[in-house]
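What follows is the content of entry-v8.tsv (TSV, C-alpha atoms).
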```
chain	number	residue	atom	x	y	z
D	101	MET	CA	101.50	120.99	100.87
D	102	ARG	CA	100.31	119.31	97.69
D	103	VAL	CA	101.39	116.19	95.84
D	104	GLY	CA	101.04	114.81	92.31
D	105	VAL	CA	101.78	111.21	91.32
D	106	GLY	CA	102.77	109.79	87.93
D	107	TYR	CA	103.16	106.24	86.61
D	108	CYS	CA	104.70	104.61	83.56
D	109	ASP	CA	105.66	101.09	82.49
D	110	ASP	CA	107.45	101.87	79.24
D	111	PRO	CA	110.51	99.60	78.88
D	112	ASP	CA	112.64	102.54	77.72
D	113	THR	CA	114.01	104.02	80.94
D	114	ALA	CA	114.48	107.60	79.77
D	115	THR	CA	111.01	107.70	78.24
D	116	ALA	CA	109.42	106.20	81.34
D	117	GLY	CA	111.15	108.67	83.65
D	118	VAL	CA	110.09	111.70	81.65
D	119	ARG	CA	106.49	110.49	81.33
D	120	ALA	CA	106.07	109.61	85.01
D	121	ALA	CA	107.62	112.86	86.20
D	122	SER	CA	105.63	114.97	83.73
D	123	GLU	CA	102.39	113.30	84.82
D	124	ALA	CA	103.25	113.87	88.50
D	125	LEU	CA	103.81	117.58	87.86
D	126	LEU	CA	100.59	117.87	85.89
D	127	ARG	CA	98.51	116.03	88.49
D	128	GLY	CA	100.07	118.16	91.20
D	129	GLY	CA	98.69	121.22	89.46
D	130	SER	CA	101.89	122.44	87.90
D	131	GLY	CA	103.76	121.88	84.71
D	132	GLU	CA	105.35	125.29	84.80
D	133	LYS	CA	109.03	126.10	85.31
D	134	ASN	CA	108.09	128.92	87.68
D	135	ASP	CA	106.39	126.52	90.11
D	136	PRO	CA	109.05	123.89	90.81
D	137	CYS	CA	108.36	121.07	93.24
D	138	ASN	CA	110.50	120.74	96.39
D	139	LEU	CA	110.87	116.95	96.58
D	140	VAL	CA	110.47	113.90	94.35
D	141	MET	CA	109.81	110.33	95.52
D	142	LEU	CA	110.79	107.78	92.88
D	143	PHE	CA	110.45	103.98	92.83
D	144	ALA	CA	111.21	101.54	90.01
D	145	THR	CA	111.82	97.88	89.21
D	146	VAL	CA	115.19	96.38	88.38
D	147	HIS	CA	114.48	96.71	84.65
D	148	HIS	CA	115.45	100.39	84.80
D	149	ASP	CA	119.00	101.68	85.23
D	150	ALA	CA	119.07	103.83	88.36
D	151	GLN	CA	121.26	106.65	87.05
D	152	THR	CA	119.52	106.87	83.67
D	153	LEU	CA	116.14	107.03	85.37
D	154	ARG	CA	117.25	109.68	87.84
D	155	ASP	CA	118.65	111.83	85.04
D	156	ALA	CA	115.40	111.51	83.06
D	157	VAL	CA	113.24	112.51	86.02
D	158	ALA	CA	115.54	115.41	86.92
D	159	SER	CA	115.32	116.71	83.35
D	160	VAL	CA	111.65	117.36	84.10
D	161	THR	CA	111.59	118.20	87.82
D	162	GLY	CA	114.74	120.34	87.93
D	163	ALA	CA	116.87	120.72	91.05
D	164	ALA	CA	114.43	119.10	93.52
D	165	PRO	CA	116.06	116.29	95.53
D	166	ILE	CA	115.02	112.80	94.42
D	167	VAL	CA	114.52	110.07	97.03
D	168	GLY	CA	113.40	106.46	96.79
D	169	GLY	CA	114.71	103.19	95.45
D	170	GLY	CA	114.03	99.82	93.93
D	171	ALA	CA	110.54	98.32	94.11
D	172	ILE	CA	109.07	95.09	92.77
D	173	GLY	CA	106.11	97.10	91.52
D	174	THR	CA	104.16	100.32	92.00
D	175	ILE	CA	100.58	101.48	92.59
D	176	THR	CA	98.77	104.76	91.91
D	177	ASN	CA	95.10	105.79	92.13
D	178	ASP	CA	94.21	104.17	88.81
D	179	ARG	CA	97.08	101.86	87.86
D	180	PHE	CA	99.31	99.19	89.37
D	181	GLY	CA	101.75	96.54	88.27
D	182	TYR	CA	104.66	94.42	89.42
D	183	ALA	CA	107.52	92.29	88.10
D	184	GLY	CA	107.75	94.37	84.93
D	185	ASN	CA	108.85	97.88	83.89
D	186	GLN	CA	106.81	99.83	86.45
D	187	ILE	CA	107.97	103.14	87.86
D	188	ALA	CA	106.10	105.77	89.87
D	189	ALA	CA	107.06	109.30	90.90
D	190	ALA	CA	105.49	111.68	93.41
D	191	CYS	CA	106.22	115.41	93.27
D	192	PHE	CA	105.81	117.37	96.52
D	193	TRP	CA	105.23	121.09	96.99
D	194	LEU	CA	105.99	121.30	100.70
D	195	LYS	CA	104.87	124.86	101.52
D	196	ASP	CA	104.71	124.90	105.37
D	197	ALA	CA	106.48	121.54	105.71
D	198	ARG	CA	110.11	120.53	105.49
D	199	CYS	CA	111.85	117.27	104.62
D	200	ASP	CA	115.45	116.66	105.72
D	201	ILE	CA	117.17	113.83	103.84
D	202	LEU	CA	119.71	111.86	105.86
D	203	ALA	CA	121.63	109.01	104.23
D	204	GLU	CA	124.25	106.68	105.66
D	205	GLY	CA	126.27	103.99	103.91
D	206	GLY	CA	128.11	101.06	105.45
D	207	LEU	CA	125.15	98.68	105.72
D	208	LEU	CA	127.33	95.77	104.61
D	209	GLU	CA	129.75	96.37	107.46
D	210	SER	CA	127.13	96.90	110.16
D	211	GLU	CA	123.42	97.68	109.94
D	212	GLN	CA	123.46	98.69	113.59
D	213	ALA	CA	126.35	101.14	113.20
D	214	ALA	CA	124.69	102.74	110.16
D	215	GLY	CA	121.46	103.03	112.10
D	216	GLU	CA	123.23	104.60	115.06
D	217	ARG	CA	124.76	107.25	112.80
D	218	LEU	CA	121.31	108.01	111.38
D	219	GLY	CA	119.91	108.23	114.90
D	220	ARG	CA	122.55	110.73	115.99
D	221	ARG	CA	121.83	112.88	112.96
D	222	LEU	CA	118.10	112.77	113.69
D	223	LYS	CA	118.90	113.85	117.24
D	224	ASP	CA	120.90	116.81	115.92
D	225	LEU	CA	117.84	117.84	113.88
D	226	GLY	CA	115.75	118.07	117.04
D	227	THR	CA	113.60	115.01	116.22
D	228	THR	CA	110.91	114.29	118.82
D	229	LEU	CA	108.67	111.36	119.68
D	230	GLN	CA	105.97	112.85	117.44
D	231	SER	CA	108.22	113.67	114.46
D	232	PRO	CA	107.20	111.77	111.30
D	233	VAL	CA	110.20	109.89	109.91
D	234	MET	CA	110.31	107.46	106.98
D	235	LEU	CA	113.14	104.95	106.70
D	236	PHE	CA	114.22	103.31	103.43
D	237	TYR	CA	117.16	100.95	103.09
D	238	ASP	CA	118.70	98.43	100.68
D	239	ALA	CA	117.38	95.05	101.80
D	240	ILE	CA	119.63	92.90	99.57
D	241	ASP	CA	123.33	92.06	99.66
D	242	ARG	CA	124.64	90.08	96.66
D	243	THR	CA	128.33	90.94	97.09
D	244	GLY	CA	129.16	87.46	98.42
D	245	GLY	CA	127.68	85.67	95.41
D	246	GLY	CA	124.55	84.47	97.18
D	247	VAL	CA	121.64	86.36	98.70
D	248	ARG	CA	121.90	87.93	102.15
D	249	MET	CA	119.11	90.00	103.64
D	250	LEU	CA	120.17	93.19	105.38
D	251	MET	CA	118.37	93.38	108.71
D	252	ALA	CA	115.82	96.00	109.72
D	253	THR	CA	115.99	94.67	113.29
D	254	TRP	CA	119.63	95.68	113.68
D	255	LEU	CA	119.20	98.93	111.73
D	256	LEU	CA	116.33	99.97	114.01
D	257	ALA	CA	118.24	98.99	117.13
D	258	GLY	CA	121.08	101.27	116.03
D	259	MET	CA	118.70	104.16	115.33
D	260	LYS	CA	117.24	103.91	118.81
D	261	ARG	CA	120.70	103.85	120.33
D	262	GLY	CA	121.74	106.97	118.41
D	263	LEU	CA	118.51	108.93	118.97
D	264	GLY	CA	117.56	107.60	122.39
D	265	PHE	CA	113.98	106.73	121.40
D	266	PHE	CA	111.85	105.99	118.37
D	267	PRO	CA	109.98	108.79	116.57
D	268	SER	CA	106.78	108.18	114.60
D	269	LEU	CA	108.52	105.81	112.18
D	270	THR	CA	107.44	103.89	109.08
D	271	GLY	CA	109.44	102.63	106.12
D	272	ALA	CA	110.60	99.79	103.90
D	273	GLY	CA	113.44	97.50	102.95
D	274	MET	CA	113.81	97.94	99.20
D	275	MET	CA	113.83	95.11	96.66
D	276	SER	CA	113.60	95.54	92.90
D	277	ASP	CA	112.48	92.06	91.76
D	278	TYR	CA	111.46	88.66	93.07
D	279	ALA	CA	114.92	87.25	92.27
D	280	CYS	CA	116.50	89.52	94.91
D	281	SER	CA	118.66	91.38	92.42
D	282	PRO	CA	120.84	94.21	93.79
D	283	THR	CA	119.01	97.49	94.17
D	284	LYS	CA	119.98	101.12	94.67
D	285	LEU	CA	118.61	104.17	96.46
D	286	TRP	CA	118.16	107.74	95.31
D	287	VAL	CA	119.34	109.78	98.30
D	288	GLY	CA	118.69	113.36	97.25
D	289	ASP	CA	121.42	114.42	94.87
D	290	ARG	CA	122.90	111.05	93.88
D	291	VAL	CA	122.47	107.30	93.44
D	292	ALA	CA	123.75	105.15	96.32
D	293	GLU	CA	124.10	101.47	97.15
D	294	HIS	CA	123.94	99.62	100.49
D	295	HIS	CA	122.61	102.73	102.19
D	296	ALA	CA	119.91	103.59	104.68
D	297	MET	CA	118.00	106.85	104.30
D	298	ALA	CA	115.76	108.71	106.72
D	299	LEU	CA	113.23	111.30	105.52
D	300	ALA	CA	112.53	113.55	108.49
D	301	PHE	CA	109.40	115.64	108.00
D	302	SER	CA	108.76	118.71	110.12
D	303	GLY	CA	106.50	121.73	110.17
D	304	ASP	CA	102.85	121.41	109.25
D	305	VAL	CA	102.81	117.73	108.32
D	306	ARG	CA	101.70	114.57	110.10
D	307	VAL	CA	101.84	110.94	108.99
D	308	ASP	CA	99.27	108.50	110.41
D	309	SER	CA	99.57	104.81	109.60
D	310	VAL	CA	97.82	101.48	109.97
D	311	ILE	CA	99.04	97.91	109.47
D	312	MET	CA	97.25	95.32	107.35
D	313	HIS	CA	98.27	91.70	106.99
D	314	GLY	CA	95.03	89.74	107.18
D	315	CYS	CA	96.59	86.85	109.13
D	316	ARG	CA	95.14	85.01	112.12
D	317	PRO	CA	96.62	82.35	114.42
D	318	ALA	CA	96.06	78.79	113.26
D	319	THR	CA	97.82	77.02	116.15
D	320	ARG	CA	98.68	77.26	119.81
D	321	TYR	CA	101.93	78.88	120.93
D	322	TYR	CA	105.29	77.21	120.26
D	323	THR	CA	108.72	78.28	121.47
D	324	VAL	CA	112.03	78.83	119.68
D	325	THR	CA	114.54	76.85	121.74
D	326	LYS	CA	117.64	77.47	119.63
D	327	ALA	CA	118.45	80.11	117.01
D	328	ASP	CA	121.43	81.69	115.29
D	329	LYS	CA	120.68	85.18	113.98
D	330	GLN	CA	117.87	84.73	111.41
D	331	VAL	CA	118.08	80.91	111.43
D	332	ILE	CA	115.67	79.01	113.69
D	333	LEU	CA	117.43	75.78	114.63
D	334	GLU	CA	115.06	74.27	117.19
D	335	ILE	CA	111.39	74.60	118.12
D	336	ASN	CA	110.11	73.04	121.35
D	337	GLY	CA	113.42	71.17	121.66
D	338	LYS	CA	113.25	69.55	118.20
D	339	PRO	CA	115.05	70.48	114.98
D	340	ALA	CA	112.94	73.28	113.54
D	341	LEU	CA	112.34	71.81	110.09
D	342	ARG	CA	111.40	68.41	111.52
D	343	PHE	CA	109.04	70.04	114.02
D	344	ILE	CA	107.16	71.99	111.34
D	345	ASP	CA	107.11	68.97	109.00
D	346	GLU	CA	105.48	66.85	111.71
D	347	LEU	CA	103.03	69.63	112.55
D	348	LEU	CA	101.89	70.31	108.99
D	349	GLY	CA	102.19	66.75	107.74
D	350	SER	CA	101.95	66.22	104.01
D	351	SER	CA	99.65	69.22	103.42
D	352	VAL	CA	102.57	71.58	102.75
D	353	PRO	CA	105.94	70.20	101.54
D	354	PRO	CA	109.12	71.85	102.93
D	355	GLU	CA	110.08	73.21	99.51
D	356	SER	CA	106.91	75.35	99.68
D	357	TYR	CA	107.81	76.96	103.01
D	358	PRO	CA	109.77	79.94	101.57
D	359	PHE	CA	107.47	82.96	101.10
D	360	PHE	CA	104.52	80.82	102.32
D	361	LEU	CA	105.12	79.83	105.95
D	362	ILE	CA	104.21	82.70	108.31
D	363	PHE	CA	104.90	82.82	112.03
D	364	GLY	CA	103.08	85.36	114.20
D	365	VAL	CA	104.75	86.94	117.23
D	366	ASN	CA	102.18	88.47	119.57
D	367	ARG	CA	103.46	91.68	121.17
D	368	GLY	CA	100.22	92.15	123.12
D	369	SER	CA	98.46	90.05	125.75
D	370	LYS	CA	99.19	86.35	125.23
D	371	TRP	CA	95.73	85.19	126.28
D	372	GLY	CA	93.74	88.30	125.36
D	373	GLU	CA	91.36	88.64	122.45
D	374	PHE	CA	93.11	88.49	119.07
D	375	ASP	CA	94.30	91.92	117.93
D	376	GLU	CA	95.96	92.04	114.52
D	377	ASP	CA	97.72	95.29	115.42
D	378	ASN	CA	99.77	93.46	118.08
D	379	TYR	CA	101.08	90.74	115.76
D	380	ALA	CA	104.37	90.91	113.89
D	381	SER	CA	104.25	88.55	110.91
D	382	ARG	CA	107.46	86.66	110.26
D	383	LEU	CA	107.94	85.10	106.81
D	384	CYS	CA	110.15	82.14	105.97
D	385	LEU	CA	112.92	83.02	103.50
D	386	ALA	CA	114.43	79.56	102.98
D	387	VAL	CA	114.92	76.12	104.50
D	388	ASP	CA	118.25	74.60	105.45
D	389	LYS	CA	117.76	70.85	105.08
D	390	GLU	CA	121.33	70.01	106.10
D	391	HIS	CA	120.81	71.56	109.55
D	392	GLU	CA	117.03	70.93	109.65
D	393	ALA	CA	116.58	74.68	110.11
D	394	ILE	CA	114.22	77.41	108.93
D	395	VAL	CA	115.68	80.69	107.68
D	396	MET	CA	113.60	83.82	108.36
D	397	PHE	CA	113.69	87.35	106.88
D	398	GLU	CA	114.55	88.91	110.25
D	399	PRO	CA	116.76	87.76	113.17
D	400	ASP	CA	114.43	88.66	116.05
D	401	MET	CA	112.96	85.20	116.67
D	402	VAL	CA	115.61	84.43	119.27
D	403	GLU	CA	115.70	81.66	121.85
D	404	GLY	CA	112.63	81.93	124.05
D	405	THR	CA	110.42	83.63	121.44
D	406	GLU	CA	106.87	82.32	121.51
D	407	PHE	CA	104.99	82.25	118.22
D	408	GLN	CA	102.01	80.83	116.40
D	409	ILE	CA	101.66	79.62	112.83
D	410	MET	CA	99.39	82.01	110.96
D	411	TYR	CA	96.94	81.50	108.13
D	412	ARG	CA	96.20	84.14	105.51
D	413	SER	CA	92.74	85.48	104.91
D	414	LEU	CA	91.65	85.30	101.28
D	415	ASP	CA	89.00	87.93	101.99
D	416	LEU	CA	90.42	91.45	101.74
D	417	ASN	CA	87.36	93.17	103.18
D	418	TYR	CA	89.31	93.82	106.38
D	419	MET	CA	91.28	96.52	104.56
D	420	LYS	CA	88.51	99.06	103.97
D	421	PRO	CA	87.59	99.76	107.63
D	422	LYS	CA	91.27	100.08	108.53
D	423	ILE	CA	91.89	102.66	105.80
D	424	GLU	CA	88.68	104.51	106.61
D	425	GLY	CA	89.72	104.57	110.26
D	426	VAL	CA	92.86	106.54	109.39
D	427	PHE	CA	90.87	109.10	107.41
D	428	SER	CA	88.27	109.52	110.14
D	429	GLY	CA	91.00	109.90	112.76
D	430	LEU	CA	92.34	113.06	111.13
D	431	GLY	CA	89.79	115.28	112.82
D	432	ASP	CA	90.08	118.78	111.37
D	433	ARG	CA	93.25	118.02	109.43
D	434	GLU	CA	93.40	117.86	105.63
D	435	PRO	CA	94.61	114.60	103.98
D	436	VAL	CA	97.02	115.30	101.12
D	437	PHE	CA	98.87	112.08	100.17
D	438	ALA	CA	98.87	108.32	100.81
D	439	LEU	CA	101.95	106.10	100.68
D	440	TYR	CA	101.21	102.37	100.68
D	441	ILE	CA	104.13	100.09	101.58
D	442	ASN	CA	103.13	96.60	100.47
D	443	CYS	CA	104.85	93.24	100.89
D	444	ALA	CA	105.55	91.87	97.41
D	445	GLY	CA	104.23	88.50	98.56
D	446	ARG	CA	100.74	90.02	98.85
D	447	ALA	CA	100.54	90.54	95.08
D	448	ALA	CA	97.81	88.23	93.76
D	449	GLY	CA	100.00	86.96	90.94
D	450	TYR	CA	102.59	85.81	93.45
D	451	GLY	CA	100.50	84.88	96.47
D	452	GLY	CA	97.95	82.85	94.53
D	453	ILE	CA	94.81	84.75	95.56
D	454	ASP	CA	92.02	86.12	93.39
D	455	MET	CA	91.87	89.75	94.51
D	456	GLU	CA	94.63	92.35	94.38
D	457	ASP	CA	94.93	94.41	97.55
D	458	ALA	CA	96.01	97.26	95.26
D	459	VAL	CA	92.46	97.31	93.84
D	460	VAL	CA	90.93	97.39	97.32
D	461	LEU	CA	93.27	100.27	98.17
D	462	GLN	CA	92.33	102.18	95.02
D	463	ASN	CA	88.60	101.66	95.50
D	464	THR	CA	88.70	102.67	99.16
D	465	VAL	CA	90.83	105.78	98.81
D	466	ALA	CA	89.18	106.70	95.48
D	467	ASN	CA	90.29	110.22	94.59
D	468	ARG	CA	90.46	111.68	98.09
D	469	VAL	CA	94.26	111.87	97.93
D	470	PRO	CA	96.95	110.88	95.43
D	471	ILE	CA	98.35	107.38	96.10
D	472	LEU	CA	101.89	106.11	95.65
D	473	GLY	CA	102.19	102.41	96.46
D	474	ILE	CA	105.31	100.23	96.35
D	475	TYR	CA	105.85	96.47	96.54
D	476	THR	CA	108.72	95.87	98.95
D	477	GLY	CA	110.79	93.22	100.68
D	478	VAL	CA	110.35	94.41	104.28
D	479	GLU	CA	107.81	96.80	105.78
D	480	ILE	CA	108.42	98.92	108.87
D	481	ALA	CA	105.69	100.07	111.24
D	482	SER	CA	104.86	100.09	114.93
D	483	ILE	CA	103.79	96.87	116.67
D	484	GLY	CA	103.11	97.10	120.39
D	485	GLY	CA	104.39	100.68	120.47
D	486	CYS	CA	107.74	99.92	118.81
D	487	PRO	CA	108.65	100.07	115.09
D	488	ARG	CA	109.69	96.70	113.70
D	489	GLY	CA	110.57	95.11	110.42
D	490	LEU	CA	107.49	93.21	109.21
D	491	ASP	CA	106.58	90.60	106.59
D	492	TRP	CA	103.38	89.89	104.63
D	493	THR	CA	102.18	93.34	105.62
D	494	GLY	CA	100.62	96.38	104.01
D	495	VAL	CA	101.34	99.70	105.75
D	496	PHE	CA	98.99	102.54	104.81
D	497	CYS	CA	100.54	105.95	105.57
D	498	LEU	CA	98.36	109.05	105.29
D	499	PHE	CA	100.02	112.48	105.13
D	500	SER	CA	97.97	115.43	106.37
D	501	THR	CA	98.28	119.16	107.04
D	502	SER	CA	96.24	121.74	108.91
D	503	LYS	CA	93.15	123.03	107.14
D	504	GLY	CA	94.23	125.57	104.58
D	505	GLY	CA	97.73	124.13	104.40
D	506	ALA	CA	97.02	121.60	101.68
D	507	SER	CA	97.57	123.92	98.74
D	508	GLN	CA	99.74	126.85	97.89
```
structure tokens encoding of this file:
Amino acid sequence: MRVGVGYCDDPDTATAGVRAASEALLRGGSGEKNDPCNLVMLFATVHHDAQTLRDAVASVTGAAPIVGGGAIGTITNDRFGYAGNQIAAACFWLKDARCDILAEGGLLESEQAAGERLGRRLKDLGTTLQSPVMLFYDAIDRTGGGVRMLMATWLLAGMKRGLGFFPSLTGAGMMSDYACSPTKLWVGDRVAEHHAMALAFSGDVRVDSVIMHGCRPATRYYTVTKADKQVILEINGKPALRFIDELLGSSVPPESYPFFLIFGVNRGSKWGEFDEDNYASRLCLAVDKEHEAIVMFEPDMVEGTEFQIMYRSLDLNYMKPKIEGVFSGLGDREPVFALYINCAGRAAGYGGIDMEDAVVLQNTVANRVPILGIYTGVEIASIGGCPRGLDWTGVFCLFSTSKGGASQ
């Protein structure tokens, strides 16, 4: 297996698609018609028309299936950007590996039902606990005029019901800009909307991952005492918004809570030593002043959920040892590709910090493997042994093959 990655931020969609795809082929060691790639991953901001971009990339890569979707920005080994015209493409020559592409629509009707259908199809493929699977889905619904987040929690619950267990699963909820504009997926041979897609890898390929969010508890535990789906109505018996207002005082006004206020749900030992890998970060999406409520990205903070308010580290040095740990854990396997799924709120230009985590990623990985990074709305990775939708998180996924299987 080998991979080449290309990047372009030209505002002309057709030009950008051709340039990114051509660079990916060249960096993968092939620009020849007689050495076609087997798979293309493609991600782009809302500034590019999905069908035009797909056609442009396919004009270069040929009949290879194209998978991916909207992203707020993209990252490669030497470039990154967000909230502009960024696109990135990765061309795969799979050799001893295989990638089955499974796509299901109907997310607007029921995330759980769509997930269950995906799970049954994964079961039919013979998916096991160790099978590497990547899940991508449209995170945004604008059909009702406003913004509604489609829920990874329900989608994952459906997948488990259909499959019977969770495989080695990572993924993302796709967004294409900070304004939550509608986005689309490329699902192999077509463009789709309001879909979920599973990429099931098999054969000589493994995907190891690590979570990075750089958050630590700033408070004791509090308890959700009333909730309705993704809306927290009461905390410790008080209206949620009033409770947080009283707790934070005048240091943070309520209008600053969206995309700033982070709750941490500890899936490990409540009184044990802090372990970042056991914490699911939960990000505030909006406030509902009429009902004194706090609206979250996911609906899993139900009545009885204990949580802590988290503070963000401005020092990104925690990233390097985590990334290095994945490389060192490969043993005698050969790393071939890194996919970085990054919460769009972690971008320095949005989060108000000095250092870009994309730069730390680039400096740490260097040129050991090609990188494709995407800025997303929701990240999916395992917390406490179970995959969950996450917020304010970077998920580093390292693809590897057996020695001698990295090139054709």
Which residues come within 12 Å of D:Met455, counting all atoms listed in the file, excluding same-chain residues fewer than 3 positions away, as a short mmCIF file (atom, residue, chain, number, x, y, z; two decimals) with C-alpha atoms, in the coordinates of the input?
```cif
data_model
loop_
_atom_site.label_atom_id
_atom_site.label_comp_id
_atom_site.auth_asym_id
_atom_site.auth_seq_id
_atom_site.Cartn_x
_atom_site.Cartn_y
_atom_site.Cartn_z
CA SER D 413 92.74 85.48 104.91
CA LEU D 414 91.65 85.30 101.28
CA ASP D 415 89.00 87.93 101.99
CA LEU D 416 90.42 91.45 101.74
CA ASN D 417 87.36 93.17 103.18
CA ARG D 446 100.74 90.02 98.85
CA ALA D 447 100.54 90.54 95.08
CA ALA D 448 97.81 88.23 93.76
CA GLY D 449 100.00 86.96 90.94
CA TYR D 450 102.59 85.81 93.45
CA GLY D 451 100.50 84.88 96.47
CA GLY D 452 97.95 82.85 94.53
CA ALA D 458 96.01 97.26 95.26
CA VAL D 459 92.46 97.31 93.84
CA VAL D 460 90.93 97.39 97.32
CA LEU D 461 93.27 100.27 98.17
#
```
message: List the spatial neighbours of D:Leu333 as a PyMOL selection string - criterion: any atom at most 12 Å away, only C-alpha atoms, same-chain residues fewer than 2 positions off excluded.
response: chain D and resi 323-331+335-344+387-396+401-403
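Note that atom CA of D:Ser159 and atom CA of D:Pro232 are 29.5 Å apart.
Picture a line from atom CA of D:Lys370 to atom CA of D:Leu348; it runs 23.0 Å.
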message: I'd like to know which of D:Pro111, D:Gly429, D:Gly181, D:Gly129 is closest to D:Asp308, using all atoms listed in the file.
response: D:Gly429
- request: Scan for residues within 8 Å of the point (113.3, 112.9, 83.6) in the coordinates of the file, using all atoms listed in the file, and reply as a PyMOL selection string.
  value: chain D and resi 114-115+117-119+121-122+153-161
Let's have the selection written as a PDB file, in the frame of the given file, with C-alpha atoms.
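Dumped everything to selection37.pdb:
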```
ATOM      1  CA  ALA D 114     114.480 107.600  79.770  1.00  0.00           C
ATOM      2  CA  THR D 115     111.010 107.700  78.240  1.00  0.00           C
ATOM      3  CA  GLY D 117     111.150 108.670  83.650  1.00  0.00           C
ATOM      4  CA  VAL D 118     110.090 111.700  81.650  1.00  0.00           C
ATOM      5  CA  ARG D 119     106.490 110.490  81.330  1.00  0.00           C
ATOM      6  CA  ALA D 121     107.620 112.860  86.200  1.00  0.00           C
ATOM      7  CA  SER D 122     105.630 114.970  83.730  1.00  0.00           C
ATOM      8  CA  LEU D 153     116.140 107.030  85.370  1.00  0.00           C
ATOM      9  CA  ARG D 154     117.250 109.680  87.840  1.00  0.00           C
ATOM     10  CA  ASP D 155     118.650 111.830  85.040  1.00  0.00           C
ATOM     11  CA  ALA D 156     115.400 111.510  83.060  1.00  0.00           C
ATOM     12  CA  VAL D 157     113.240 112.510  86.020  1.00  0.00           C
ATOM     13  CA  ALA D 158     115.540 115.410  86.920  1.00  0.00           C
ATOM     14  CA  SER D 159     115.320 116.710  83.350  1.00  0.00           C
ATOM     15  CA  VAL D 160     111.650 117.360  84.100  1.00  0.00           C
ATOM     16  CA  THR D 161     111.590 118.200  87.820  1.00  0.00           C
TER      17      THR D 161
END
```
- request: For D:Thr253, work out the shell of residues within 9 Å, counting only C-alpha atoms and skipping chain neighbours fewer than 2 positions away, then give it as a list in words.
  value: Glu211, Gln212, Met251, Leu255, Leu256, Ala257, Gly258, Glu398, Pro399, Asp400, Arg488 and Gly489 of chain D
message: From the options D:Met234, D:Cys191, D:Val105, D:Ile362, which residue's atoms come nearest to D:Val140, counting all atoms listed in the file?
response: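 Looking only at the distances to D:Val140, the closest residue turns out to be D:Cys191.
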Closest pair table for stretch 246-288 of chain D residues within 8 Å of stretch 216-229 of chain D, only C-alpha atoms, as a tab-separated table:
```
residue	atom	partner	partner_atom	distance
D:Leu255	CA	D:Glu216	CA	7.7
D:Ala257	CA	D:Glu216	CA	7.8
D:Gly258	CA	D:Glu216	CA	4.1
D:Met259	CA	D:Gly219	CA	4.3
D:Lys260	CA	D:Gly219	CA	6.4
D:Arg261	CA	D:Glu216	CA	5.9
D:Gly262	CA	D:Gly219	CA	4.2
D:Leu263	CA	D:Gly219	CA	4.4
D:Gly264	CA	D:Gly219	CA	7.9
D:Phe265	CA	D:Leu229	CA	7.3
D:Phe266	CA	D:Leu229	CA	6.4
D:Pro267	CA	D:Leu229	CA	4.2
D:Ser268	CA	D:Leu229	CA	6.3
```
message: I'd like the contact shell of D:Ile187 - 8 Å cut-off, all atoms listed in the file, skipping same-chain residues fewer than 5 positions apart - returned as a list of chain:residue names.
response: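 So the residues in contact are D:Tyr107, D:Cys108, D:Asp109, D:Ala116, D:Gly117, D:Ala120, D:Leu142, D:Phe143, D:Ala144, D:Thr145, D:Gly173, D:Thr174.
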Write out as a tab-separated table (two decimals) with C-alpha atoms, keeping the file's coordinate frame the residues lying within 10 Å of D:Val310, counting only C-alpha atoms and excluding same-chain residues fewer than 3 positions away.
```
chain	number	residue	atom	x	y	z
D	270	THR	CA	107.44	103.89	109.08
D	377	ASP	CA	97.72	95.29	115.42
D	419	MET	CA	91.28	96.52	104.56
D	422	LYS	CA	91.27	100.08	108.53
D	423	ILE	CA	91.89	102.66	105.80
D	425	GLY	CA	89.72	104.57	110.26
D	426	VAL	CA	92.86	106.54	109.39
D	440	TYR	CA	101.21	102.37	100.68
D	481	ALA	CA	105.69	100.07	111.24
D	482	SER	CA	104.86	100.09	114.93
D	494	GLY	CA	100.62	96.38	104.01
D	495	VAL	CA	101.34	99.70	105.75
D	496	PHE	CA	98.99	102.54	104.81
D	497	CYS	CA	100.54	105.95	105.57
D	498	LEU	CA	98.36	109.05	105.29
```
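Nearest residue to D:Gly477, choosing from D:Met275, D:Gly162, D:Thr176, D:Asp238 and counting only C-alpha atoms: D:Met275.
With distances restricted to only C-alpha atoms, D:Cys315 is the closest residue to D:Asn366 from D:Cys315, D:Ala252, D:Val352, D:Ala183.
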message: Taking only C-alpha atoms into account, name the residue in D:Glu123, D:Glu204, D:Glu355, D:Glu334 that is nearest to D:Cys384.
response: D:Glu355
- prompt: So, counting all atoms listed in the file, which residue among D:Tyr418, D:Tyr411, D:Phe192, D:Tyr237 is closest to D:Gly205?
  reply: D:Tyr237
query: Which distance in Å separates atom CA of D:Asp178 and atom CA of D:Gln462, to one decimal?
result: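 About the pair atom CA of D:Asp178 and atom CA of D:Gln462: they are 6.8 Å apart.
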Give as a CSV table (one decimal) with C-alpha atoms, in the coordinates of the input each residue that has an atom at most 10 Å from (121.2, 88.5, 104.5) in the file, counting all atoms listed in the file.
```
chain,number,residue,atom,x,y,z
D,208,LEU,CA,127.3,95.8,104.6
D,239,ALA,CA,117.4,95.0,101.8
D,240,ILE,CA,119.6,92.9,99.6
D,241,ASP,CA,123.3,92.1,99.7
D,242,ARG,CA,124.6,90.1,96.7
D,246,GLY,CA,124.6,84.5,97.2
D,247,VAL,CA,121.6,86.4,98.7
D,248,ARG,CA,121.9,87.9,102.2
D,249,MET,CA,119.1,90.0,103.6
D,250,LEU,CA,120.2,93.2,105.4
D,251,MET,CA,118.4,93.4,108.7
D,330,GLN,CA,117.9,84.7,111.4
D,385,LEU,CA,112.9,83.0,103.5
D,396,MET,CA,113.6,83.8,108.4
D,397,PHE,CA,113.7,87.4,106.9
D,398,GLU,CA,114.6,88.9,110.2
D,399,PRO,CA,116.8,87.8,113.2
```
